[in-house]
Amino acid sequence: MALPVEEWQLCASRRWAALDPALRERLAAASLHDAVRLGCGLLRPEVEAAALQRLCRRARAGKEPAAARFYREEGNQLFGRRHYGAALRLYSQAAAHELPGSPEVSICFANRSAALFHLGRFEVCLEDIARAESHGYPDRLLPKVLLRKAECLLCLGRLQEAADALSVVENRIAMDGIMTSPAHQTLLKQLSQLKVKIHEKESCPQPAREARGDIQRESEIWEENDSISGASSSLSLKFDTERGRHLVASQDILPGQSLLKEEAFVSVLCPGESLLLQDSSETAWDTQVTNADLYCHRCLRQLLASVPCSGCSYAKYCSQNCADMAWEQYHRTECSLGPLLLTLGVFCHVALRTVLLAGFAEVSRLVEWSHDGDKDLHNPEARCKHLGEAADTRAGTRGIPGCNDNGQYQSSYQAVFNLLPHAEKHSPDHKFLCMLSVVAICKQLQEAGLEAAVLNQESAEKLSKPKTCAKTSGELSPELKTVAEAMLRHVLQLQCNAQAITVMQESGSGDGAVVNKKPVRLATAFFPVLSLLNHSCWPNISVSFSGTAATVRASQPIPSGQEVFHCYGPHRCRMRVAERQQLLRQYFFECHCQACLEELESDVNSVVAMRNSFCCPTCQAPMQGEDMLCCSNEACAISVSRESLSRRLQDLQQQIKNALELLRDRKADQAIKMLQRCQMNAGNFLSPEHLLMGEMEDHLAQGSGRKQPDICRGVLRLWKCIMDHQV
């Protein structure tokens, strides 16, 4: 969900409609800087803010022990039915909802380790057992988990470690003192069996496996570009007023050749719709699996046994290292804002995370530079126009927006900041929605006491735990207004520059007989170098993703000097040109790629041929030929020169011109009679599909019974059409 939930969009739309017309006009024409300053006071606490709070209550992102119990019990039921994969995911959900320090967290990890063991994932099972121990797993239950640990080590061939784990289990059982209970007897039996297995493996060691002679693919020759980070040296950055910034081949490129390897500057996982539940008086938790349960919220790797955030139930990671890095880089600020970010959509979330990753110092520098250092940055298209008109091009890439002082285009915040927001092309009400949303986020940051974290002014020690909301009132601080302006810029940029990170997910009949794979949108990201590629409906590259990294390869030969093209979605193999053109207008350009031009020309030729065709004056069958036209009806076989029919068409045009003169003299009745005669005459030599036939019938039908000005307008449109489509 890129944009906010529908209810918030409607709320913003009503607020926009209720504004004073003069204020609406000012907001529509305002720069990003002025729009934020004007809009800060438009978020009314008793209306919009209250509505947003109600919507946020639907997005459950906090810790809920009752939810943890529900998920754990559901997981136990599935485990009992041997649905280990489904049980594993529910145990992960349970762990995510438990309060930090709660002993129940350890039970979730221990239960999950059992599911992992049955799935044969022994290494990950050991990790969960260690988590259960570190979170205070109850001593009375520990021997059973330690036996599982020993069995995992045995399966992995780590015999000494397995024997050591069994010794620990023996000591614990002995310390209990009661050896006659059924539970103890079961443990002792398992312990004895494992000892026998270890002894057997030690006595009969398996022969060492021969080193596999895997033939590694010869490493691809890769020479990185000096001017474009992550790009091959076979590319160069160019600029002109028509295409803006774009990449061209600086040498002949072969199919399959790597052209770009770029790590996303920022990426945000796309949540599942089930996270936004409808208002209900009854408590219910959804067991539907979404992207949020399947992929790491930082690196986007597929999750098996997730590490939950200690502050919220939403964020999940593939490892503790990923969790710690996310917390340090941005999640310590985002954590308490989870419901708000889920409500306001992925674009707002990407915008916030972008400024958090960039750091306030860099954000402030570029925002201030956009005000003082370059007046044209308010309108980057104008700036690009000035650059294109500059006579001196010896500076190379140095003057291209996004490049540093050395003319290098790097995957940096400066490059992200210089992506075009097209602020003047977005509809005013959409800009208002985006502005109101980012102001709402910044106000929540201020009220939650997180401003210092955003501005990087507080020590990591003080930020070790999520902050409680310390409600304050008042206008946004100047620093948060700067943050809001940068966020608004990024939300608008995402309309044209958001890159969908996709993964191939399987879908089939469920019996394993048929398995289909389809691309699924996993995350939304900023790739500033990848964004340099212009669109074509018949691209010459393909893009693949691994986690948060994109790899671009040539899909066909690209001669030196030819532009490198990406596909923004509409592809000539999947849809016709009219549908593609309509979809591409959301990116504020008309596509003139080779595929579109060829299809449009083909369509125009076929339409013109049909609408300008003549028919036989005798039998009205279609006429065929070039200079001499012959009736297609063999029984008729009439031949007429194209020249004679063209003269009849010219006479018809003159009669319509006379009808127009009658209309100017307010002689509508005579004009209509003349047009009716023209219609009868045309039917004798023009095909029924001819453009003039349809236009005359349409306008005469409209003219009958209407006022004279309507008739005049109809005939004038007819006359224009005739002059545009002369044979």
# chains A, B, ... in the order shown; residues from 1 in each chain; ligands from 1
call {"tool": "residues_around", "arguments": {"residues": "Arg580 (chain A)", "least_positions_apart": "3", "cutoff": "6 Å", "atoms": "only C-alpha atoms", "output": "mmCIF file with N, CA and C atoms, in the first residue's frame"}}
result
data_model
loop_
_atom_site.group_PDB
_atom_site.id
_atom_site.type_symbol
_atom_site.label_atom_id
_atom_site.label_comp_id
_atom_site.auth_asym_id
_atom_site.auth_seq_id
_atom_site.Cartn_x
_atom_site.Cartn_y
_atom_site.Cartn_z
ATOM 1 N N PRO A 570 4.588 -1.136 -17.963
ATOM 2 C CA PRO A 570 3.891 -1.420 -19.225
ATOM 3 C C PRO A 570 4.869 -1.931 -20.293
ATOM 4 N N VAL A 577 -0.586 -0.573 -27.166
ATOM 5 C CA VAL A 577 0.035 0.732 -27.015
ATOM 6 C C VAL A 577 -0.874 1.723 -26.290
ATOM 7 N N LEU A 583 -1.265 4.129 -18.858
ATOM 8 C CA LEU A 583 -0.622 3.804 -17.587
ATOM 9 C C LEU A 583 0.624 4.650 -17.346
#
call {"tool": "residues_around", "arguments": {"residues": "region 88-99 of chain A", "least_positions_apart": "5", "cutoff": "6 Å", "atoms": "only C-alpha atoms", "output": "tab-separated table (two decimals) with N, CA and C atoms, in the first residue's frame"}}
result
chain	number	residue	atom	x	y	z
A	63	LYS	N	3.06	-4.63	21.52
A	63	LYS	CA	3.15	-5.92	22.21
A	63	LYS	C	1.81	-6.23	22.87
A	64	GLU	N	1.30	-7.43	22.64
A	64	GLU	CA	0.01	-7.84	23.21
A	64	GLU	C	0.15	-9.27	23.74
A	65	PRO	N	0.32	-9.44	25.06
A	65	PRO	CA	0.45	-10.80	25.63
A	65	PRO	C	-0.72	-11.71	25.28
A	68	ALA	N	-0.06	-13.05	21.99
A	68	ALA	CA	1.01	-14.05	22.06
A	68	ALA	C	0.46	-15.40	22.49
A	71	TYR	N	-1.47	-16.95	19.49
A	71	TYR	CA	-0.61	-17.50	18.44
A	71	TYR	C	0.11	-18.76	18.92
A	72	ARG	N	0.53	-18.77	20.19
A	72	ARG	CA	1.24	-19.94	20.70
A	72	ARG	C	0.31	-21.16	20.75
A	75	GLY	N	-0.29	-22.38	17.31
A	75	GLY	CA	0.91	-23.09	16.87
A	75	GLY	C	0.99	-24.48	17.46
A	105	VAL	N	8.52	-15.63	26.48
A	105	VAL	CA	9.31	-15.50	25.24
A	105	VAL	C	10.17	-16.74	25.05
A	108	CYS	N	8.22	-19.60	23.64
A	108	CYS	CA	8.00	-19.45	22.19
A	108	CYS	C	9.21	-19.94	21.41
A	112	ARG	N	9.43	-23.22	19.03
A	112	ARG	CA	9.84	-23.05	17.63
A	112	ARG	C	11.02	-23.95	17.30
A	115	ALA	N	9.76	-27.28	16.20
A	115	ALA	CA	9.30	-27.29	14.82
A	115	ALA	C	10.49	-27.31	13.86
A	308	PRO	N	12.49	-10.96	16.87
A	308	PRO	CA	11.54	-9.85	16.95
A	308	PRO	C	12.18	-8.60	17.55
A	313	SER	N	5.65	-5.28	17.79
A	313	SER	CA	5.37	-6.64	17.30
A	313	SER	C	5.50	-6.74	15.79
call {"tool": "select_by_dssp", "arguments": {"residues": "region 475-709 of chain A", "states": "helix (DSSP H, G or I)", "output": "ChimeraX atom specification"}}
result
/A:478-497,530-532,577-587,594-611,642-664,668-682,691-703,708-709
call {"tool": "residues_around", "arguments": {"residues": "region 21-32 of chain A", "least_positions_apart": "6", "cutoff": "12 Å", "atoms": "only C-alpha atoms", "output": "tab-separated table (two decimals) with C-alpha atoms, in the first residue's frame"}}
result
chain	number	residue	atom	x	y	z
A	13	SER	CA	-9.89	15.47	0.62
A	15	ARG	CA	-10.16	19.24	4.51
A	38	LEU	CA	1.42	26.96	5.22
A	39	GLY	CA	0.26	23.46	6.04
A	40	CYS	CA	1.67	23.05	9.54
A	42	LEU	CA	-3.94	22.88	8.98
A	367	VAL	CA	17.33	21.65	1.87
A	370	SER	CA	17.80	24.24	-2.50
A	371	HIS	CA	16.64	27.57	-1.00
A	375	LYS	CA	16.90	29.01	-7.13
A	376	ASP	CA	16.02	26.63	-9.93
A	377	LEU	CA	15.96	23.64	-7.59
A	378	HIS	CA	12.38	24.58	-6.72
A	379	ASN	CA	11.73	23.65	-10.33
A	380	PRO	CA	14.35	21.01	-11.29
A	421	PRO	CA	9.72	15.43	-7.57
A	422	HIS	CA	7.60	16.92	-10.42
A	423	ALA	CA	5.94	19.09	-7.76
A	424	GLU	CA	4.12	21.25	-10.29
A	425	LYS	CA	2.66	18.21	-12.10
A	426	HIS	CA	0.99	16.51	-9.15
A	427	SER	CA	-2.62	17.46	-8.56
A	428	PRO	CA	-3.05	20.08	-5.78
A	429	ASP	CA	-5.23	17.79	-3.67
A	430	HIS	CA	-2.65	14.97	-3.90
A	431	LYS	CA	0.13	17.32	-2.81
A	432	PHE	CA	-2.09	18.43	0.07
A	433	LEU	CA	-2.62	14.81	1.14
A	434	CYS	CA	1.14	14.19	1.09
A	435	MET	CA	1.86	17.41	2.95
A	436	LEU	CA	-0.74	16.69	5.64
A	438	VAL	CA	4.29	14.18	6.54
A	481	LYS	CA	9.87	21.72	9.40
A	482	THR	CA	13.08	21.09	7.48
A	483	VAL	CA	12.56	17.34	7.95
A	484	ALA	CA	8.93	17.67	6.79
A	485	GLU	CA	10.01	19.56	3.67
A	486	ALA	CA	12.56	16.87	2.77
A	487	MET	CA	9.98	14.14	3.43
A	488	LEU	CA	7.40	15.87	1.24
A	489	ARG	CA	9.97	16.05	-1.54
A	490	HIS	CA	10.70	12.33	-1.23
A	491	VAL	CA	7.01	11.31	-1.18
A	492	LEU	CA	6.47	13.23	-4.44
call {"tool": "closest_residue", "arguments": {"among": "A:Leu159, A:Ala67, A:Ala440, A:Cys309", "to": "Leu194 (chain A)", "atoms": "only C-alpha atoms"}}
result
A:Leu159
call {"tool": "residues_around", "arguments": {"residues": "Cys299 (chain A)", "least_positions_apart": "2", "cutoff": "8 Å", "atoms": "only C-alpha atoms", "output": "ChimeraX atom specification"}}
result
/A:296-297,301,322,547-548
call {"tool": "write_last_selection", "arguments": {"atoms": "N, CA and C atoms", "output": "short mmCIF file (atom, residue, chain, number, x, y, z; two decimals), in the first residue's frame"}}
result
data_model
loop_
_atom_site.label_atom_id
_atom_site.label_comp_id
_atom_site.auth_asym_id
_atom_site.auth_seq_id
_atom_site.Cartn_x
_atom_site.Cartn_y
_atom_site.Cartn_z
N CYS A 296 13.00 -10.49 6.20
CA CYS A 296 13.66 -9.60 7.16
C CYS A 296 13.32 -8.16 6.84
N HIS A 297 12.97 -7.40 7.85
CA HIS A 297 12.54 -6.02 7.64
C HIS A 297 13.71 -5.09 7.34
N ARG A 301 16.02 -10.64 3.45
CA ARG A 301 16.23 -12.08 3.29
C ARG A 301 15.01 -12.83 3.80
N CYS A 322 21.09 -7.98 12.36
CA CYS A 322 20.21 -7.14 11.54
C CYS A 322 19.31 -6.29 12.44
N GLY A 547 17.89 -9.70 -2.09
CA GLY A 547 17.77 -8.86 -0.91
C GLY A 547 17.50 -7.43 -1.31
N THR A 548 18.34 -6.52 -0.86
CA THR A 548 18.17 -5.10 -1.18
C THR A 548 19.08 -4.66 -2.34
#
call {"tool": "closest_residue", "arguments": {"among": "A:Asp226, A:Asp665, A:Glu643, A:Asp651", "to": "Asn681 (chain A)", "atoms": "only C-alpha atoms"}}
result
A:Asp651
call {"tool": "residues_around", "arguments": {"residues": "region 533-540 of chain A", "least_positions_apart": "6", "cutoff": "8 Å", "atoms": "only C-alpha atoms", "output": "PyMOL selection string"}}
result
chain A and resi 243+246-247+554-558+564-568+570-572+580+591+593-596
